[in-house]
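Engineer: Submitted below is the structure of interest, expressed as C-alpha cells.
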Amino acid sequence: MIAANCPQCGAAVRFRSVDLPVKVCDYCRSSLVRTDGGLEAMGVVAALPDDVSPLQIGTRGTFDGAPFELIGRVRWRWTDGGWNEWLMLFADRSTGWLGEAMGRYMALRAIEHSGMRTGLVRALRDDTLITLGMDATIDRVRYFVTDIKDADCIAGEGELPFDVVAGVRMKSVDLMAADGQCASAQKEGDQVTVYAGHYVDLAGLRATNLRAFDDWPMPTFAA
C-alpha cells in the first residue's frame, strides 16, 4: 500500500499496487501519475456515465481459484455503444481484466509474447485486414474472431495501468473458442496486447460487495 495526498485537492490517495502508475482521485477526479518526485496531476478525468452495472470498485471474487478485488475501471465507447473493463488485482499482486458488456462478462489475463505468434496479431500490428470468422491460435488454443471495433476511452476510476485523460484510442478484436474460452487482442498506438480467459458469470466468480439497487434483491451468493 502506498499512501499520499492528491496534489490538486489534498485528499488522501492510496495505491494498492506498486505496479500501477495511475490513480484517479476519488474526490476531484484528477488523473494522478506516480513519478520519482511524488504524484503529478495530469488533468481531470471525465465523469463516468450512469449505468446499471452491479460491479463497483471494491467488488471481490475468485477467478480460476485466485481471489481478486476490483480496483479500477475504464469505460470504452464505440459507434454502437460502450462497455466497461474492470481491473482485477489478485492476491499475488498480479492483475487481469473483467470485461462487462450487456450483462456478459469476460475474465482475461495478459498472454506472454511467446503465446502470441499468430497471423491475427501480425494483421493487427500491421493494420491489415481482419475479418469475422478469421481463426487464430493463441497459446495453443484455436479461436475465431467474433467482433471487431474501434473504441475511445471516455472515462475511468480507481487505479489503472495508463492515463485516461489523454483520450486513449484502440482497435479491439474479440475472439471465442470452445468451452467458453475467449480472448481479446487490442492495439493502442503501436502496441498490441493479447488477453485470454473465459466467459464467466457473477455466481461463478462468487462476487461479493456488489452495488445495491432499489427493488433489486441481492443474489444469495453475494450475501
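Naming scheme: A, B, ... for chains in displayed order of the C-alpha cells; residues 1 onward per chain; ligands 1 onward as shown.
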Neighbouring residues of range 3-8 of chain A were defined as those with any atom within 8 Å, considering only C-alpha atoms; residues of the same chain fewer than 3 positions away were excluded. Please report them as number ranges by chain.
Structural biologist: A: 11-15, 25, 28, 30, 32, 39-41
Engineer: Set the distance at 6 Å and use only C-alpha atoms: which residues neighbour Met134 in chain A once local chain neighbours fewer than 2 positions away are removed? I'd like the list as an NGL selection string.
Structural biologist: :A and (131-132 or 144-145)
Engineer: How close does range 188-207 of chain A get to range 45-66 of chain A? List, as a Markdown table, each residue of range 188-207 of chain A within 7 Å, its nearest atom pair and the distance in Å to one decimal, counting only C-alpha atoms.
Structural biologist:
| residue | atom | partner | partner_atom | distance |
| --- | --- | --- | --- | --- |
| A:Leu205 | CA | A:Thr62 | CA | 5.1 |
| A:Arg206 | CA | A:Gly61 | CA | 5.2 |
| A:Ala207 | CA | A:Gly61 | CA | 4.4 |
Engineer: Quick one, how far is CA of Val168 in chain A from CA of Gln191 in chain A?
Structural biologist: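 Interatomic distance here is 12.3 Å.
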Engineer: Show which residues sit within 8 Å of Val22 in chain A, as a PyMOL selection string. Count only C-alpha atoms, and ignore same-chain residues fewer than 2 positions away.
Structural biologist: chain A and resi 20+24+31-34+159-163
Engineer: Among the residues of range 53-223 of chain A, find those DSSP assigns to strand (DSSP E) from the backbone and print them as a tab-separated table (two decimals) with N, CA and C atoms, in the first residue's frame.
Structural biologist:
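Listed below is the output, part_29.tsv:
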chain	number	residue	atom	x	y	z
A	60	ARG	N	-15.35	-8.02	-4.77
A	60	ARG	CA	-14.38	-9.11	-4.63
A	60	ARG	C	-14.94	-10.40	-5.23
A	61	GLY	N	-14.04	-11.30	-5.58
A	61	GLY	CA	-14.46	-12.58	-6.13
A	61	GLY	C	-13.27	-13.51	-6.28
A	62	THR	N	-13.50	-14.60	-7.01
A	62	THR	CA	-12.46	-15.60	-7.26
A	62	THR	C	-12.51	-16.00	-8.72
A	63	PHE	N	-11.36	-16.00	-9.38
A	63	PHE	CA	-11.26	-16.42	-10.78
A	63	PHE	C	-10.14	-17.45	-10.90
A	66	ALA	N	-8.20	-18.07	-7.81
A	66	ALA	CA	-7.41	-16.98	-7.22
A	66	ALA	C	-8.34	-15.84	-6.80
A	67	PRO	N	-8.29	-15.41	-5.55
A	67	PRO	CA	-9.13	-14.28	-5.11
A	67	PRO	C	-8.65	-12.97	-5.71
A	68	PHE	N	-9.61	-12.08	-5.97
A	68	PHE	CA	-9.28	-10.78	-6.54
A	68	PHE	C	-10.19	-9.70	-5.96
A	69	GLU	N	-9.79	-8.45	-6.19
A	69	GLU	CA	-10.62	-7.29	-5.87
A	69	GLU	C	-10.58	-6.34	-7.05
A	70	LEU	N	-11.71	-5.75	-7.40
A	70	LEU	CA	-11.76	-4.76	-8.47
A	70	LEU	C	-11.23	-3.43	-7.93
A	71	ILE	N	-10.18	-2.89	-8.59
A	71	ILE	CA	-9.56	-1.66	-8.10
A	71	ILE	C	-9.59	-0.53	-9.12
A	72	GLY	N	-10.05	-0.78	-10.33
A	72	GLY	CA	-10.10	0.27	-11.35
A	72	GLY	C	-11.10	-0.07	-12.44
A	73	ARG	N	-11.50	0.95	-13.17
A	73	ARG	CA	-12.44	0.75	-14.29
A	73	ARG	C	-12.12	1.73	-15.41
A	74	VAL	N	-12.20	1.24	-16.64
A	74	VAL	CA	-12.12	2.08	-17.83
A	74	VAL	C	-13.42	1.90	-18.61
A	75	ARG	N	-13.99	3.01	-19.05
A	75	ARG	CA	-15.20	2.97	-19.88
A	75	ARG	C	-14.81	3.26	-21.32
A	76	TRP	N	-15.14	2.31	-22.22
A	76	TRP	CA	-14.85	2.45	-23.65
A	76	TRP	C	-16.13	2.71	-24.42
A	77	ARG	N	-16.02	3.51	-25.48
A	77	ARG	CA	-17.19	3.82	-26.32
A	77	ARG	C	-16.83	3.53	-27.78
A	78	TRP	N	-17.78	2.95	-28.47
A	78	TRP	CA	-17.63	2.75	-29.91
A	78	TRP	C	-18.92	3.17	-30.59
A	81	GLY	N	-22.27	1.73	-29.04
A	81	GLY	CA	-22.45	1.54	-27.61
A	81	GLY	C	-21.17	1.67	-26.83
A	82	GLY	N	-21.11	0.98	-25.70
A	82	GLY	CA	-19.93	1.06	-24.86
A	82	GLY	C	-19.83	-0.14	-23.94
A	83	TRP	N	-18.70	-0.25	-23.26
A	83	TRP	CA	-18.52	-1.35	-22.31
A	83	TRP	C	-17.53	-0.93	-21.23
A	84	ASN	N	-17.55	-1.67	-20.13
A	84	ASN	CA	-16.63	-1.45	-19.01
A	84	ASN	C	-15.53	-2.49	-19.02
A	85	GLU	N	-14.34	-2.09	-18.64
A	85	GLU	CA	-13.26	-3.02	-18.33
A	85	GLU	C	-12.80	-2.73	-16.91
A	86	TRP	N	-12.99	-3.72	-16.04
A	86	TRP	CA	-12.65	-3.59	-14.63
A	86	TRP	C	-11.30	-4.25	-14.38
A	87	LEU	N	-10.43	-3.55	-13.66
A	87	LEU	CA	-9.10	-4.09	-13.36
A	87	LEU	C	-9.16	-4.93	-12.10
A	88	MET	N	-8.76	-6.19	-12.23
A	88	MET	CA	-8.75	-7.12	-11.10
A	88	MET	C	-7.34	-7.18	-10.50
A	89	LEU	N	-7.23	-6.98	-9.21
A	89	LEU	CA	-5.97	-7.16	-8.50
A	89	LEU	C	-6.07	-8.44	-7.70
A	90	PHE	N	-5.18	-9.40	-8.02
A	90	PHE	CA	-5.20	-10.70	-7.36
A	90	PHE	C	-4.35	-10.68	-6.09
A	95	THR	N	-2.47	-8.82	-12.07
A	95	THR	CA	-3.71	-8.18	-12.47
A	95	THR	C	-4.34	-8.90	-13.65
A	96	GLY	N	-5.61	-8.62	-13.87
A	96	GLY	CA	-6.36	-9.10	-15.02
A	96	GLY	C	-7.48	-8.12	-15.29
A	97	TRP	N	-8.26	-8.39	-16.32
A	97	TRP	CA	-9.37	-7.51	-16.68
A	97	TRP	C	-10.68	-8.30	-16.70
A	98	LEU	N	-11.73	-7.69	-16.20
A	98	LEU	CA	-13.07	-8.25	-16.26
A	98	LEU	C	-13.90	-7.35	-17.19
A	99	GLY	N	-14.08	-7.82	-18.43
A	99	GLY	CA	-14.86	-7.05	-19.39
A	99	GLY	C	-16.35	-7.25	-19.16
A	100	GLU	N	-17.11	-6.16	-19.26
A	100	GLU	CA	-18.56	-6.20	-18.98
A	100	GLU	C	-19.29	-5.48	-20.10
A	101	ALA	N	-20.14	-6.21	-20.81
A	101	ALA	CA	-20.93	-5.61	-21.89
A	101	ALA	C	-22.28	-6.30	-21.96
A	104	ARG	N	-22.87	-9.48	-20.00
A	104	ARG	CA	-21.95	-10.60	-20.19
A	104	ARG	C	-20.57	-10.20	-19.67
A	105	TYR	N	-19.81	-11.18	-19.19
A	105	TYR	CA	-18.54	-10.91	-18.56
A	105	TYR	C	-17.45	-11.80	-19.15
A	106	MET	N	-16.29	-11.20	-19.43
A	106	MET	CA	-15.10	-11.91	-19.88
A	106	MET	C	-13.99	-11.65	-18.88
A	107	ALA	N	-13.47	-12.69	-18.25
A	107	ALA	CA	-12.36	-12.56	-17.32
A	107	ALA	C	-11.08	-12.95	-18.06
A	108	LEU	N	-10.13	-12.02	-18.14
A	108	LEU	CA	-8.97	-12.18	-19.02
A	108	LEU	C	-7.68	-11.83	-18.31
A	109	ARG	N	-6.61	-12.55	-18.68
A	109	ARG	CA	-5.27	-12.21	-18.25
A	109	ARG	C	-4.38	-12.03	-19.49
A	110	ALA	N	-3.37	-11.20	-19.36
A	110	ALA	CA	-2.47	-10.95	-20.49
A	110	ALA	C	-1.68	-12.21	-20.82
A	135	ASP	N	-9.60	-17.30	-38.05
A	135	ASP	CA	-9.12	-18.11	-36.95
A	135	ASP	C	-7.75	-17.65	-36.48
A	136	ALA	N	-7.46	-17.92	-35.21
A	136	ALA	CA	-6.19	-17.52	-34.62
A	136	ALA	C	-5.86	-18.50	-33.50
A	137	THR	N	-4.66	-19.02	-33.51
A	137	THR	CA	-4.20	-19.90	-32.44
A	137	THR	C	-3.35	-19.08	-31.48
A	138	ILE	N	-3.84	-18.97	-30.25
A	138	ILE	CA	-3.17	-18.19	-29.22
A	138	ILE	C	-2.92	-19.09	-28.03
A	141	VAL	N	-4.44	-22.53	-28.23
A	141	VAL	CA	-5.90	-22.64	-28.31
A	141	VAL	C	-6.36	-21.98	-29.61
A	142	ARG	N	-7.26	-22.65	-30.35
A	142	ARG	CA	-7.76	-22.10	-31.59
A	142	ARG	C	-9.02	-21.28	-31.34
A	143	TYR	N	-8.98	-20.01	-31.73
A	143	TYR	CA	-10.09	-19.08	-31.55
A	143	TYR	C	-10.60	-18.63	-32.93
A	144	PHE	N	-11.79	-18.01	-32.90
A	144	PHE	CA	-12.36	-17.40	-34.10
A	144	PHE	C	-12.81	-15.98	-33.76
A	145	VAL	N	-12.57	-15.05	-34.66
A	145	VAL	CA	-12.92	-13.65	-34.45
A	145	VAL	C	-14.44	-13.49	-34.44
A	146	THR	N	-14.98	-12.88	-33.40
A	146	THR	CA	-16.43	-12.65	-33.28
A	146	THR	C	-16.82	-11.18	-33.31
A	147	ASP	N	-15.86	-10.27	-33.12
A	147	ASP	CA	-16.20	-8.85	-33.07
A	147	ASP	C	-14.95	-8.02	-33.33
A	148	ILE	N	-15.12	-6.93	-34.09
A	148	ILE	CA	-14.02	-6.02	-34.41
A	148	ILE	C	-14.55	-4.59	-34.26
A	149	LYS	N	-13.87	-3.76	-33.49
A	149	LYS	CA	-14.36	-2.40	-33.34
A	149	LYS	C	-13.23	-1.45	-32.97
A	150	ASP	N	-13.42	-0.18	-33.32
A	150	ASP	CA	-12.55	0.91	-32.89
A	150	ASP	C	-13.24	1.61	-31.74
A	151	ALA	N	-12.49	1.88	-30.68
A	151	ALA	CA	-13.11	2.42	-29.47
A	151	ALA	C	-12.25	3.53	-28.89
A	152	ASP	N	-12.93	4.42	-28.15
A	152	ASP	CA	-12.27	5.52	-27.44
A	152	ASP	C	-12.52	5.37	-25.95
A	153	CYS	N	-11.48	5.64	-25.17
A	153	CYS	CA	-11.63	5.69	-23.72
A	153	CYS	C	-12.30	7.02	-23.35
A	154	ILE	N	-13.42	6.95	-22.63
A	154	ILE	CA	-14.14	8.19	-22.30
A	154	ILE	C	-14.06	8.54	-20.81
A	155	ALA	N	-13.71	7.57	-19.96
A	155	ALA	CA	-13.65	7.87	-18.52
A	155	ALA	C	-12.99	6.71	-17.80
A	156	GLY	N	-12.64	6.94	-16.55
A	156	GLY	CA	-12.05	5.89	-15.74
A	156	GLY	C	-12.14	6.25	-14.28
A	157	GLU	N	-11.83	5.27	-13.44
A	157	GLU	CA	-11.80	5.49	-11.99
A	157	GLU	C	-10.85	4.48	-11.36
A	158	GLY	N	-10.41	4.79	-10.14
A	158	GLY	CA	-9.58	3.87	-9.39
A	158	GLY	C	-8.14	3.83	-9.88
A	159	GLU	N	-7.48	2.71	-9.65
A	159	GLU	CA	-6.08	2.51	-10.06
A	159	GLU	C	-6.04	1.87	-11.44
A	160	LEU	N	-5.12	2.36	-12.28
A	160	LEU	CA	-5.08	1.93	-13.67
A	160	LEU	C	-3.64	1.86	-14.17
A	169	ARG	N	-7.21	5.73	-27.60
A	169	ARG	CA	-8.00	5.09	-28.66
A	169	ARG	C	-7.39	3.73	-28.96
A	170	MET	N	-8.23	2.75	-29.24
A	170	MET	CA	-7.72	1.42	-29.55
A	170	MET	C	-8.61	0.72	-30.56
A	171	LYS	N	-8.02	-0.29	-31.22
A	171	LYS	CA	-8.76	-1.26	-32.02
A	171	LYS	C	-8.87	-2.52	-31.20
A	172	SER	N	-10.07	-3.05	-31.07
A	172	SER	CA	-10.32	-4.21	-30.22
A	172	SER	C	-10.89	-5.34	-31.06
A	173	VAL	N	-10.32	-6.53	-30.91
A	173	VAL	CA	-10.79	-7.72	-31.61
A	173	VAL	C	-11.12	-8.78	-30.56
A	174	ASP	N	-12.39	-9.22	-30.52
A	174	ASP	CA	-12.80	-10.26	-29.59
A	174	ASP	C	-12.83	-11.60	-30.31
A	175	LEU	N	-12.46	-12.65	-29.57
A	175	LEU	CA	-12.39	-13.99	-30.14
A	175	LEU	C	-13.03	-14.99	-29.19
A	176	MET	N	-13.50	-16.11	-29.76
A	176	MET	CA	-14.14	-17.15	-28.96
A	176	MET	C	-13.62	-18.51	-29.39
A	181	GLN	N	-14.14	-20.52	-23.68
A	181	GLN	CA	-12.87	-19.78	-23.71
A	181	GLN	C	-13.00	-18.58	-24.64
A	182	CYS	N	-12.33	-17.48	-24.28
A	182	CYS	CA	-12.39	-16.27	-25.09
A	182	CYS	C	-11.07	-15.54	-25.00
A	183	ALA	N	-10.89	-14.61	-25.91
A	183	ALA	CA	-9.65	-13.82	-25.94
A	183	ALA	C	-9.97	-12.45	-26.50
A	184	SER	N	-9.06	-11.52	-26.29
A	184	SER	CA	-9.20	-10.18	-26.83
A	184	SER	C	-7.82	-9.69	-27.24
A	185	ALA	N	-7.73	-9.19	-28.47
A	185	ALA	CA	-6.48	-8.59	-28.97
A	185	ALA	C	-6.74	-7.11	-29.17
A	186	GLN	N	-5.86	-6.28	-28.63
A	186	GLN	CA	-6.08	-4.84	-28.65
A	186	GLN	C	-4.82	-4.12	-29.12
A	187	LYS	N	-5.03	-3.09	-29.92
A	187	LYS	CA	-3.92	-2.27	-30.38
A	187	LYS	C	-4.13	-0.84	-29.94
A	188	GLU	N	-3.19	-0.33	-29.15
A	188	GLU	CA	-3.18	1.07	-28.73
A	188	GLU	C	-1.88	1.69	-29.20
A	191	GLN	N	1.33	-0.57	-29.98
A	191	GLN	CA	1.45	-1.73	-29.11
A	191	GLN	C	0.24	-2.64	-29.23
A	192	VAL	N	0.49	-3.94	-29.44
A	192	VAL	CA	-0.55	-4.96	-29.49
A	192	VAL	C	-0.45	-5.80	-28.22
A	193	THR	N	-1.57	-5.97	-27.55
A	193	THR	CA	-1.63	-6.79	-26.35
A	193	THR	C	-2.73	-7.82	-26.52
A	194	VAL	N	-2.47	-9.04	-26.07
A	194	VAL	CA	-3.44	-10.13	-26.18
A	194	VAL	C	-3.77	-10.66	-24.79
A	195	TYR	N	-5.07	-10.87	-24.57
A	195	TYR	CA	-5.56	-11.39	-23.31
A	195	TYR	C	-6.38	-12.65	-23.58
A	196	ALA	N	-6.34	-13.60	-22.66
A	196	ALA	CA	-7.12	-14.83	-22.82
A	196	ALA	C	-7.72	-15.23	-21.49
A	197	GLY	N	-8.87	-15.88	-21.57
A	197	GLY	CA	-9.55	-16.34	-20.37
A	197	GLY	C	-10.81	-17.06	-20.76
A	198	HIS	N	-11.89	-16.78	-20.06
A	198	HIS	CA	-13.16	-17.39	-20.45
A	198	HIS	C	-14.33	-16.54	-19.96
A	199	TYR	N	-15.50	-16.81	-20.56
A	199	TYR	CA	-16.71	-16.14	-20.13
A	199	TYR	C	-17.07	-16.63	-18.73
A	200	VAL	N	-17.56	-15.70	-17.91
A	200	VAL	CA	-17.90	-16.01	-16.53
A	200	VAL	C	-19.24	-15.36	-16.19
Engineer: What is the distance between CA of Ala222 in chain A and CA of Asn209 in chain A, in Å to one decimal?
Structural biologist: 6.9 Å
